[in-house]
Structure formats: structure tokens, C-alpha cells
$ cat final-v4.txt   # compact mmCIF, C-alpha atoms and all ligand atoms
# COMPACT_ATOMS: atom_id res chain seq x y z
CA MET F 42 25.96 -5.28 -17.02
CA SER F 43 29.37 -4.03 -18.09
CA ALA F 44 27.90 -1.37 -20.39
CA ARG F 45 27.48 0.75 -17.24
CA ALA F 46 31.10 1.88 -17.48
CA ARG F 47 30.22 3.64 -20.75
CA PHE F 48 27.84 6.01 -18.92
CA PRO F 49 29.94 8.50 -16.92
CA ILE F 50 26.94 9.84 -14.98
CA PHE F 51 27.07 6.75 -12.75
CA GLU F 52 30.42 7.91 -11.37
CA HIS F 53 28.52 10.45 -9.26
CA THR F 54 24.77 9.91 -9.67
CA THR F 55 22.15 7.19 -9.41
CA TYR F 56 20.26 7.64 -12.65
CA ALA F 57 16.75 6.17 -12.77
CA ASN F 58 15.06 8.42 -15.29
CA SER F 59 15.33 6.61 -18.63
CA CYS F 60 11.56 7.06 -19.07
CA SER F 61 12.38 10.76 -19.64
CA GLN F 62 15.82 10.60 -21.22
CA GLY F 63 18.35 7.78 -21.51
CA ALA F 64 21.73 8.48 -19.90
CA LEU F 65 24.53 9.85 -22.07
CA SER F 66 27.14 7.27 -23.10
CA LEU F 67 30.70 7.78 -24.27
CA ASP F 68 29.54 6.19 -27.53
CA VAL F 69 26.89 8.85 -28.18
CA ARG F 70 29.27 11.67 -27.27
CA ARG F 71 31.84 10.18 -29.68
CA ALA F 72 29.18 9.88 -32.42
CA TYR F 73 28.41 13.60 -32.19
CA GLU F 74 32.13 14.35 -32.42
CA GLU F 75 32.41 12.12 -35.46
CA TYR F 76 29.60 14.02 -37.15
CA LEU F 77 31.34 17.34 -36.49
CA GLU F 78 34.74 16.00 -37.57
CA GLY F 79 33.30 14.70 -40.86
CA TRP F 80 31.55 18.00 -41.52
CA ASP F 81 34.76 19.86 -40.75
CA ALA F 82 37.01 17.62 -42.83
CA HIS F 83 34.79 17.08 -45.89
CA GLY F 84 32.17 19.84 -45.89
CA ALA F 85 28.71 18.76 -46.96
CA GLU F 86 28.95 14.96 -46.72
CA TRP F 87 25.44 14.45 -48.07
CA GLU F 88 25.97 11.06 -49.62
CA HIS F 89 27.40 9.72 -46.40
CA TRP F 90 24.71 11.42 -44.30
CA VAL F 91 21.90 9.94 -46.39
CA GLU F 92 23.59 6.56 -46.08
CA ARG F 93 23.59 7.03 -42.25
CA ALA F 94 19.84 7.74 -42.40
CA GLU F 95 19.36 4.44 -44.24
CA ALA F 96 21.50 2.70 -41.60
CA ALA F 97 19.14 4.11 -38.95
CA ARG F 98 16.15 2.80 -40.91
CA GLY F 99 17.78 -0.63 -40.89
CA ALA F 100 18.53 -0.48 -37.15
CA PHE F 101 14.93 0.49 -36.35
CA ALA F 102 13.68 -2.34 -38.56
CA ARG F 103 15.89 -4.89 -36.75
CA LEU F 104 14.66 -3.62 -33.38
CA ILE F 105 11.02 -4.46 -34.18
CA GLY F 106 11.36 -7.40 -36.58
CA ALA F 107 10.26 -5.42 -39.64
CA ALA F 108 11.68 -4.93 -43.13
CA SER F 109 13.50 -1.62 -43.76
CA GLU F 110 10.91 -0.75 -46.42
CA GLU F 111 8.26 -0.75 -43.69
CA VAL F 112 10.02 1.90 -41.61
CA ALA F 113 9.86 5.68 -41.91
CA VAL F 114 12.65 7.71 -40.29
CA THR F 115 11.05 10.63 -38.48
CA THR F 116 12.13 13.47 -36.21
CA SER F 117 9.53 12.57 -33.58
CA VAL F 118 6.53 10.41 -32.82
CA SER F 119 4.43 13.52 -33.47
CA GLN F 120 5.70 13.79 -37.05
CA GLY F 121 4.97 10.13 -37.78
CA VAL F 122 1.49 10.10 -36.24
CA SER F 123 0.55 13.39 -37.92
CA GLY F 124 1.59 11.91 -41.27
CA LEU F 125 -0.37 8.76 -40.56
CA VAL F 126 -3.66 10.47 -39.66
CA SER F 127 -3.23 12.80 -42.64
CA ALA F 128 -3.47 9.65 -44.77
CA LEU F 129 -6.75 8.47 -43.23
CA PRO F 130 -9.72 9.36 -45.43
CA LEU F 131 -11.97 9.68 -42.30
CA GLU F 132 -14.88 9.26 -44.63
CA ARG F 133 -18.43 9.40 -43.36
CA GLY F 134 -19.23 6.16 -41.60
CA ARG F 135 -15.59 5.52 -40.62
CA ASN F 136 -14.43 8.72 -39.03
CA ARG F 137 -13.69 7.67 -35.46
CA ILE F 138 -10.32 7.62 -33.76
CA VAL F 139 -10.21 5.62 -30.53
CA ILE F 140 -7.51 6.60 -28.06
CA SER F 141 -6.70 5.21 -24.65
CA GLU F 142 -6.48 7.51 -21.66
CA PHE F 143 -2.80 6.56 -21.41
CA GLU F 144 -1.83 8.09 -24.76
CA PHE F 145 0.96 10.62 -24.69
CA PRO F 146 -0.46 14.17 -25.11
CA THR F 147 0.81 14.38 -28.68
CA VAL F 148 -1.33 11.43 -29.81
CA GLY F 149 -4.45 12.79 -28.09
CA GLN F 150 -3.90 16.26 -29.48
CA ILE F 151 -3.28 15.01 -33.03
CA ALA F 152 -6.45 12.89 -32.80
CA HIS F 153 -8.54 15.83 -31.61
CA ALA F 154 -7.04 18.07 -34.31
CA GLN F 155 -8.75 15.75 -36.81
CA GLU F 156 -12.11 16.95 -35.46
CA LEU F 157 -11.48 19.91 -37.77
CA ARG F 158 -11.91 17.52 -40.67
CA GLY F 159 -14.82 15.56 -39.34
CA ALA F 160 -13.27 13.01 -37.00
CA GLU F 161 -14.86 11.89 -33.75
CA VAL F 162 -12.50 10.95 -30.94
CA VAL F 163 -13.50 8.24 -28.47
CA HIS F 164 -11.58 7.86 -25.19
CA VAL F 165 -10.95 4.53 -23.51
CA ARG F 166 -10.66 5.01 -19.76
CA PRO F 167 -8.74 2.81 -17.34
CA ASP F 168 -10.32 1.17 -14.31
CA PRO F 169 -9.56 2.65 -10.88
CA ASP F 170 -6.83 0.01 -10.42
CA GLY F 171 -4.86 1.50 -13.37
CA ARG F 172 -5.61 -1.31 -15.82
CA ILE F 173 -7.45 -0.96 -19.11
CA PRO F 174 -9.40 -4.20 -19.50
CA LEU F 175 -9.84 -5.29 -23.09
CA GLU F 176 -13.61 -4.94 -22.71
CA ARG F 177 -13.11 -1.16 -22.55
CA PHE F 178 -11.50 -1.24 -26.00
CA GLU F 179 -14.14 -3.68 -27.22
CA GLN F 180 -16.91 -1.25 -26.17
CA ALA F 181 -15.20 1.70 -27.87
CA ILE F 182 -14.24 0.13 -31.23
CA ASP F 183 -16.91 -0.43 -33.83
CA GLU F 184 -17.41 -0.31 -37.60
CA ARG F 185 -17.18 3.50 -37.47
CA THR F 186 -13.59 3.28 -36.14
CA ALA F 187 -10.80 4.17 -38.56
CA LEU F 188 -7.89 4.02 -36.13
CA VAL F 189 -7.24 2.69 -32.63
CA CYS F 190 -4.32 4.31 -30.78
CA CYS F 191 -2.88 2.44 -27.85
CA THR F 192 0.30 2.78 -25.88
CA ALA F 193 2.52 -0.21 -25.08
CA VAL F 194 3.75 1.11 -21.71
CA SER F 195 2.07 4.09 -20.08
CA TYR F 196 4.35 7.04 -19.40
CA ARG F 197 1.97 7.94 -16.56
CA THR F 198 1.78 4.68 -14.62
CA GLY F 199 4.14 2.17 -16.24
CA TYR F 200 1.15 -0.06 -17.11
CA ARG F 201 1.98 -2.43 -19.92
CA LEU F 202 -0.90 -3.11 -22.27
CA ASP F 203 -1.61 -6.28 -24.23
CA VAL F 204 -1.13 -4.55 -27.60
CA SER F 205 -1.70 -7.71 -29.65
CA GLU F 206 -5.22 -8.11 -28.21
CA VAL F 207 -6.05 -4.47 -28.95
CA ALA F 208 -4.82 -4.97 -32.53
CA ARG F 209 -7.00 -8.06 -32.84
CA LEU F 210 -10.09 -6.15 -31.67
CA ALA F 211 -9.32 -3.29 -34.07
CA HIS F 212 -8.96 -5.68 -37.01
CA GLU F 213 -12.16 -7.56 -36.17
CA ARG F 214 -13.98 -4.29 -36.80
CA GLY F 215 -11.95 -3.22 -39.82
CA ALA F 216 -9.90 -0.52 -38.05
CA LEU F 217 -6.16 0.07 -38.05
CA CYS F 218 -4.13 -0.19 -34.86
CA LEU F 219 -1.29 2.15 -33.91
CA ALA F 220 0.96 1.30 -30.95
CA ASP F 221 2.97 4.14 -29.44
CA SER F 222 5.87 2.12 -28.10
CA TYR F 223 8.17 4.91 -26.93
CA GLN F 224 8.25 3.66 -23.33
CA ALA F 225 8.98 0.11 -24.48
CA ALA F 226 11.48 0.38 -27.35
CA GLY F 227 14.90 -0.73 -26.14
CA ALA F 228 13.58 -2.16 -22.86
CA ILE F 229 11.01 -4.73 -23.99
CA PRO F 230 11.31 -6.93 -27.10
CA LEU F 231 8.98 -5.67 -29.83
CA ASP F 232 8.02 -7.86 -32.76
CA VAL F 233 5.54 -6.20 -35.08
CA ARG F 234 4.43 -9.54 -36.55
CA ALA F 235 3.68 -11.05 -33.13
CA LEU F 236 1.97 -7.84 -32.01
CA GLY F 237 -0.06 -7.78 -35.21
CA VAL F 238 -0.11 -3.98 -35.28
CA ASP F 239 -0.47 -1.93 -38.46
CA VAL F 240 1.62 0.98 -37.26
CA LEU F 241 4.19 1.25 -34.46
CA THR F 242 6.18 4.30 -33.51
CA ALA F 243 8.86 5.32 -31.00
CA GLY F 244 11.95 7.52 -30.76
CA THR F 245 15.50 7.42 -29.51
CA VAL F 246 15.31 9.68 -26.46
CA LYS F 247 14.54 7.08 -23.81
CA TYR F 248 15.56 3.40 -23.69
CA LEU F 249 17.28 3.67 -27.09
CA LEU F 250 19.85 5.84 -25.33
CA ALA F 251 20.19 8.76 -27.71
CA SER F 252 18.93 12.30 -27.93
CA ALA F 253 15.92 14.26 -29.08
CA GLY F 254 15.06 14.69 -32.74
CA LEU F 255 14.94 11.13 -34.08
CA GLY F 256 12.11 8.63 -34.24
CA PHE F 257 10.64 6.03 -36.52
CA MET F 258 7.30 4.70 -37.65
CA PHE F 259 6.62 1.17 -38.86
CA VAL F 260 3.79 0.87 -41.39
CA ARG F 261 2.77 -2.63 -42.52
CA SER F 262 3.75 -3.16 -46.15
CA ASP F 263 0.30 -3.99 -47.55
CA LEU F 264 -0.96 -0.60 -46.31
CA HIS F 265 1.59 1.52 -48.16
CA GLU F 266 -0.31 1.97 -51.41
CA ARG F 267 -3.54 2.67 -49.52
CA LEU F 268 -2.18 5.31 -47.14
CA LEU F 269 -1.34 8.53 -48.93
CA PRO F 270 -0.08 11.11 -46.44
CA THR F 271 -1.12 14.68 -47.22
CA GLN F 272 1.42 15.85 -44.68
CA THR F 273 4.67 15.18 -46.48
CA GLY F 274 8.07 16.46 -47.61
CA TRP F 275 10.70 15.99 -50.30
CA PHE F 276 12.47 13.09 -48.56
CA ALA F 277 9.19 11.18 -48.88
CA ASP F 278 9.19 11.50 -52.67
CA GLU F 279 9.73 8.44 -54.86
CA ASP F 280 12.81 10.12 -56.37
CA ILE F 281 14.22 12.63 -53.91
CA PHE F 282 16.93 14.02 -56.14
CA ARG F 283 14.74 14.61 -59.19
CA MET F 284 13.74 17.82 -57.37
CA ASP F 285 10.39 17.82 -59.16
CA ILE F 286 7.77 20.38 -58.11
CA SER F 287 5.14 19.38 -60.66
CA ASP F 288 3.35 16.58 -58.80
CA TYR F 289 2.97 14.49 -55.67
CA SER F 290 4.54 11.08 -56.17
CA PRO F 291 5.45 9.61 -52.79
CA ALA F 292 7.75 6.63 -52.31
CA HIS F 293 6.05 3.26 -52.72
CA ASP F 294 7.12 2.05 -49.30
CA ALA F 295 7.00 3.45 -45.74
CA ARG F 296 9.50 6.13 -46.76
CA ARG F 297 6.40 8.03 -47.91
CA PHE F 298 6.09 8.92 -44.20
CA ASP F 299 9.56 10.51 -44.06
CA ALA F 300 9.44 14.29 -44.40
CA GLY F 301 12.22 16.86 -44.85
CA THR F 302 16.01 16.79 -44.53
CA PRO F 303 16.96 13.92 -42.20
CA PRO F 304 18.06 14.94 -38.68
CA VAL F 305 21.68 14.00 -39.37
CA PRO F 306 23.35 14.75 -35.98
CA ASN F 307 20.58 12.86 -34.17
CA ILE F 308 21.01 9.95 -36.54
CA TYR F 309 24.68 9.68 -35.57
CA ALA F 310 23.64 9.67 -31.91
CA GLY F 311 20.74 7.30 -32.52
CA LEU F 312 22.93 4.74 -34.25
CA ALA F 313 25.39 4.84 -31.35
CA GLY F 314 22.68 4.53 -28.69
CA MET F 315 20.90 1.75 -30.51
CA GLY F 316 24.26 0.07 -31.03
CA ILE F 317 24.60 -0.38 -27.27
CA VAL F 318 21.05 -1.72 -26.99
CA GLU F 319 21.69 -4.15 -29.83
CA GLU F 320 25.00 -5.27 -28.36
CA VAL F 321 23.43 -6.11 -24.99
CA GLY F 322 20.23 -7.40 -26.61
CA VAL F 323 16.70 -6.30 -25.75
CA ALA F 324 15.73 -9.75 -24.45
CA ALA F 325 18.68 -9.68 -22.01
CA ILE F 326 17.82 -6.11 -21.02
CA GLU F 327 14.26 -7.13 -20.21
CA VAL F 328 15.42 -9.99 -17.97
CA HIS F 329 17.98 -7.78 -16.22
CA VAL F 330 15.45 -5.00 -15.64
CA ARG F 331 12.80 -7.48 -14.45
CA GLY F 332 15.18 -8.57 -11.67
CA LEU F 333 15.75 -4.95 -10.63
CA VAL F 334 12.04 -4.11 -10.77
CA ASP F 335 11.23 -7.14 -8.56
CA ARG F 336 13.82 -5.97 -6.04
CA LEU F 337 12.41 -2.45 -6.14
CA LEU F 338 8.81 -3.64 -5.70
CA ALA F 339 9.77 -5.83 -2.74
CA GLY F 340 11.57 -2.89 -1.13
CA LEU F 341 8.63 -0.56 -1.76
CA ASP F 342 6.27 -3.07 -0.13
CA GLY F 343 8.63 -3.19 2.83
CA LEU F 344 8.36 0.59 3.11
CA GLY F 345 4.58 0.46 2.93
CA ALA F 346 4.65 2.56 -0.26
CA THR F 347 1.68 2.56 -2.64
CA VAL F 348 2.75 1.34 -6.07
CA ALA F 349 0.54 2.79 -8.82
CA THR F 350 1.86 0.43 -11.50
CA PRO F 351 -0.26 -2.71 -11.95
CA ARG F 352 1.89 -5.72 -11.04
CA GLY F 353 0.23 -8.73 -12.63
CA GLU F 354 2.07 -11.04 -15.03
CA GLY F 355 3.16 -9.03 -18.07
CA GLU F 356 1.62 -5.79 -16.77
CA CYS F 357 4.80 -4.03 -15.75
CA GLY F 358 7.88 -2.99 -17.74
CA PRO F 359 10.90 -0.87 -16.81
CA LEU F 360 8.89 1.96 -15.19
CA VAL F 361 7.58 1.81 -11.63
CA CYS F 362 5.34 4.60 -10.31
CA VAL F 363 4.97 5.28 -6.62
CA ALA F 364 2.25 7.44 -5.08
CA SER F 365 3.48 10.58 -3.36
CA THR F 366 1.83 13.40 -1.41
CA ASP F 367 4.12 15.83 -3.26
CA PRO F 368 5.91 14.13 -6.17
CA ARG F 369 7.86 17.23 -7.19
CA ALA F 370 9.20 17.69 -3.67
CA LEU F 371 10.15 14.02 -3.62
CA VAL F 372 11.98 14.29 -6.97
CA ASP F 373 13.85 17.33 -5.58
CA ALA F 374 14.69 15.59 -2.32
CA LEU F 375 16.09 12.61 -4.22
CA ARG F 376 18.01 14.92 -6.55
CA ASP F 377 19.68 16.46 -3.50
CA GLU F 378 20.97 12.96 -2.78
CA ARG F 379 22.16 12.60 -6.36
CA ILE F 380 19.35 10.30 -7.41
CA VAL F 381 17.59 11.31 -10.64
CA THR F 382 13.93 10.36 -11.04
CA SER F 383 10.87 12.20 -12.38
CA SER F 384 7.17 12.62 -11.65
CA ARG F 385 3.83 12.50 -13.43
CA ASP F 386 0.41 13.12 -11.90
CA ALA F 387 0.59 12.13 -8.23
CA ASN F 388 3.42 9.65 -8.74
CA LEU F 389 7.17 9.43 -8.51
CA ARG F 390 8.55 7.65 -11.61
CA ILE F 391 11.51 5.31 -11.19
CA SER F 392 12.72 3.69 -14.38
CA LEU F 393 15.48 1.14 -14.72
CA HIS F 394 17.57 0.15 -17.68
CA LEU F 395 20.54 -1.93 -18.79
CA TYR F 396 23.02 0.25 -16.87
CA ASN F 397 21.27 0.07 -13.51
CA VAL F 398 22.41 -2.37 -10.83
CA GLU F 399 21.04 -3.65 -7.52
CA GLU F 400 23.00 -1.00 -5.60
CA ASP F 401 21.04 1.70 -7.49
CA VAL F 402 17.77 0.15 -6.36
CA ASP F 403 19.01 -0.11 -2.76
CA ARG F 404 20.14 3.54 -2.77
CA ILE F 405 16.73 4.63 -4.05
CA LEU F 406 14.96 2.57 -1.38
CA GLU F 407 17.18 3.99 1.37
CA ALA F 408 16.46 7.53 0.21
CA LEU F 409 12.72 6.80 0.04
CA ALA F 410 12.88 5.50 3.61
CA THR F 411 14.43 8.83 4.64
CA HIS F 412 11.65 10.74 2.84
CA ARG F 413 8.88 8.35 3.87
CA GLY F 414 6.71 11.35 4.77
CA LEU F 415 6.37 12.19 1.06
CA LEU F 416 5.01 8.76 0.12
CA GLY F 417 1.27 8.89 -0.54
CA GLN F 418 -1.91 6.99 -1.20
CA HIS F 419 -3.21 5.78 -4.53
CA GLU F 420 -5.21 8.35 -6.49
CA GLU F 421 -7.64 7.47 -9.25
CA ILE F 422 -6.64 8.42 -12.75
C1 LIG F 501 4.71 7.35 -24.83
C2 LIG F 501 5.35 8.55 -25.47
N1 LIG F 501 5.01 8.92 -26.71
C3 LIG F 501 5.56 9.98 -27.32
C4 LIG F 501 6.52 10.74 -26.68
C5 LIG F 501 7.15 11.93 -27.35
O1 LIG F 501 6.73 12.15 -28.64
P1 LIG F 501 7.56 13.09 -29.61
O2 LIG F 501 8.67 12.24 -30.18
O3 LIG F 501 6.60 13.53 -30.61
O4 LIG F 501 8.11 14.21 -28.79
C6 LIG F 501 6.92 10.38 -25.40
C7 LIG F 501 7.98 11.18 -24.75
O5 LIG F 501 8.09 11.75 -23.86
C8 LIG F 501 6.31 9.27 -24.77
O6 LIG F 501 6.65 8.92 -23.54

$ encode --input "final-v4.txt" --output "C-alpha cells" --more "lines below"
Ligand SMILES: Cc1ncc(COP(=O)(O)O)c(C=O)c1O
Amino acid sequence: MSARARFPIFEHTTYANSCSQGALSLDVRRAYEEYLEGWDAHGAEWEHWVERAEAARGAFARLIGAASEEVAVTTSVSQGVSGLVSALPLERGRNRIVISEFEFPTVGQIAHAQELRGAEVVHVRPDPDGRIPLERFEQAIDERTALVCCTAVSYRTGYRLDVSEVARLAHERGALCLADSYQAAGAIPLDVRALGVDVLTAGTVKYLLASAGLGFMFVRSDLHERLLPTQTGWFADEDIFRMDISDYSPAHDARRFDAGTPPVPNIYAGLAGMGIVEEVGVAAIEVHVRGLVDRLLAGLDGLGATVATPRGEGECGPLVCVASTDPRALVDALRDERIVTSSRDANLRISLHLYNVEEDVDRILEALATHRGLLGQHEEI
């Protein structure tokens, strides 16, 4: 894909770590410069900056097939999810939060923090093969469940979950379903209507190709009136510039999950990063990455490597995890050969995106052949 030329890192490095941080593009660098130039030339450009925040809301909405009014602009997934659970009454009889074992730490920690106000947290464990069969969710969700948290693509194993089925199970029992889609957004098409989720959140650090400090949270429109966040801020007010300290009157739409001053520099970067993703198209990115992942998996099989990522139809996205006897040493050894990857648990993580090409995959495979001694056996999660 020609967009590769916009990412200078590929002039000297094979970058396969978008699951941690997307590569820096000329576009994002330019966007930061534009922010600084505007600040320098005009001083406090608040009207323009707020307009940029609304443009980000619109871009997030387009990415997931939602209306702008259903999207909160956040600084992180943590902010969005904290706001969401603060709006759950967790009344007696419906005080359970179900989380999968593949949730990012922030989701698990926020769920457990609710124990302080009477919540019970139920964990859904994967099978030894790294899959979470739907029956596991079915066993965990019942009429006491207020919220089911699932993760579209696991940051630990790359396992891609059937989110729509989890949402269906949650709804059958009267619970809400939240999909943390950070490891999917920008790499896998996301359509909130097809997924049937109530809430979906992600941020711009990874496959949306921007930097830290910007995220979003979709909240289905018919839930807005019902969900009153007690964790809030003035940008969530129905009339931000009335500057009223006499009551709590949040916006009528998902903006009630916004919080304080928008993260303006990150919004500039986010719009630029998402602009590249939009230009190439998420559907095209998925097809491109699928081809690279297939090539990688075939090469890993040839090396006799143990792939921790389930490989059935629809079970794998842009992240492939490979068992290692010493994943940190393997990441370091690859870094010495100018190949950037990362590790989690007992696995090396290789993630591919729109800018990667077959030669990247071949370089990674060659380097893994050299460091074959660091490839390991599958370990149970
Ligand atoms: C699945 C997933 N959720 C959430 C996060 C990060 O959340 P936050 O934006 O709160 O830092 C990450 C990032 O590393 C992630 O991989």
C-alpha cells in the first residue's frame, strides 16, 4: 500500500508493533506542527479547537457506523469506561459486572473498583486453546448482570471474539454489553449496529495511527437518558459555556460522557491518523493484513513455531502471538536487527497494519529462524 511512504520509520526499521503504538506518519507530525502554528499565530483558538473536537467526534462515528450524537470524545478508554460504570445504578439484584479474562487491565480494575459500591465481578475464563466459547459467557451472565465487558481482539493473544453473540447473550438477560475494541479499531471494520453492542470504546494510539491521549466511546442513543454518569466534567454539560455551578444538567446525548477540556493536540494528531485509515479504508486494510497474516502463519508453521493465536475462521485479526521461552530476550534480539515487536505473557506479539508489506513478514521470519532457540511451547492462560 502506497501509504507506507508516509511513515519514515520504514526507511530503516521493520515496524510490527501497531498493537502497542501505530507508527508515526508525516501527516501526524504535520498536524502537531499545525496545532503549534495556530496557537502561535492566533493565541487561544478555542472556537477552532472545539470545532476540531467535533470533527473528531464525527470521524469516530464514521469509523463505527454510528451517529455523532452517540459518540463521546474521551482522553482514554479508562475515562470512558469509568464514566459508563459510574452511570450504572448497580442496584440490589442487578449488581454484577461480567468481564472476560482477556480484558485490558483498565477494564478489570474499573470493574473491581465498583466492589466498593456493592458490585460483584464475575470472570469468564478462556479454554486452554485460547478461545472463549460462548457457553462460558452464557454460564456467567444472568438476571443479576448489569454489564458484560468483552474485548473484540485480545491484546494478550490476538484472539478475535464474536462480539455480536456476546451482545445477544447479554441482551437476552437484560444486561448491557460493552466492547473494548482498541485492538480492532482501524484494522477490522466495526459496525455498531451489526455488532448490536450498547457501548463500544477504543483510542487512537494503535491502528488509528495517532498518539496517546485521545479515545472515544459509543453509547447507543436510547440509553442516553437512562445513563447518568456521576463521573463527569464541564464539557459534558448540556450548555458548556453557561458556566453554571448550580446544578448537574448533562448533555442529552453521548456527550454526557465527555469530561474536561478536550485534548486538543491529540485531536489534531487523531484526525490526521484517522484520515489515513479512512483514505485507505478499513475493509481494504483488513484484506491486506489478512494476506500478510496468512503469509506469517505459513512461515511460522515452517519454522515449527507455536502460534498462541487461535486460527479458525474469523478468530484472528492483525495480531499474531508466538510462544517464546524468553519473549523479552526475543523482542530485544529482533530489535538489534531493527525489527520492532513486543511481548505479553509468554508470547512474542507481531502485529501488521496497512503500511506493512510481504518483505516485512519475510524479514521477521528470517530473524525468527536465526533466533529459533527462543521459540517456545504453548502455555495455558
Ligand atoms: C484492549 C485495550 N484496551 C485499552 C487499552 C488502553 O486503555 P487506555 O486508553 O485507558 O489507556 C489498550 C492499550 O494498550 C488496549 O490494548

$ residues_near_ligand --input "final-v4.txt" --ligand "ligand LIG 501 (chain F)" --cutoff "9 Å" --atoms "only C-alpha atoms and all ligand atoms" --output "ChimeraX atom specification"
/F:60-62,115-122,143-148,192-197,221-225,242-247,253-256

$ closest_residue --input "final-v4.txt" --among "F:Pro359, F:Pro230, F:Val204, F:Ile326" --to "Pro174 in chain F" --atoms "all atoms listed in the file"
F:Val204

$ closest_residue --input "final-v4.txt" --among "F:Ala211, F:Val398, F:Val114, F:Ile405" --to "Ala102 in chain F" --atoms "only C-alpha atoms"
F:Val114

$ residues_around --input "final-v4.txt" --residues "Leu389 in chain F" --least-positions-apart "6" --cutoff "12 Å" --atoms "only C-alpha atoms" --output "ChimeraX atom specification"
/F:57-58,60,196-199,346-350,360-375,381-383,405,409,415-419

$ closest_residue --input "final-v4.txt" --among "F:Leu125, F:Leu393, F:Ala228, F:Ala324" --to "Arg261 in chain F" --atoms "all atoms listed in the file"
F:Leu125
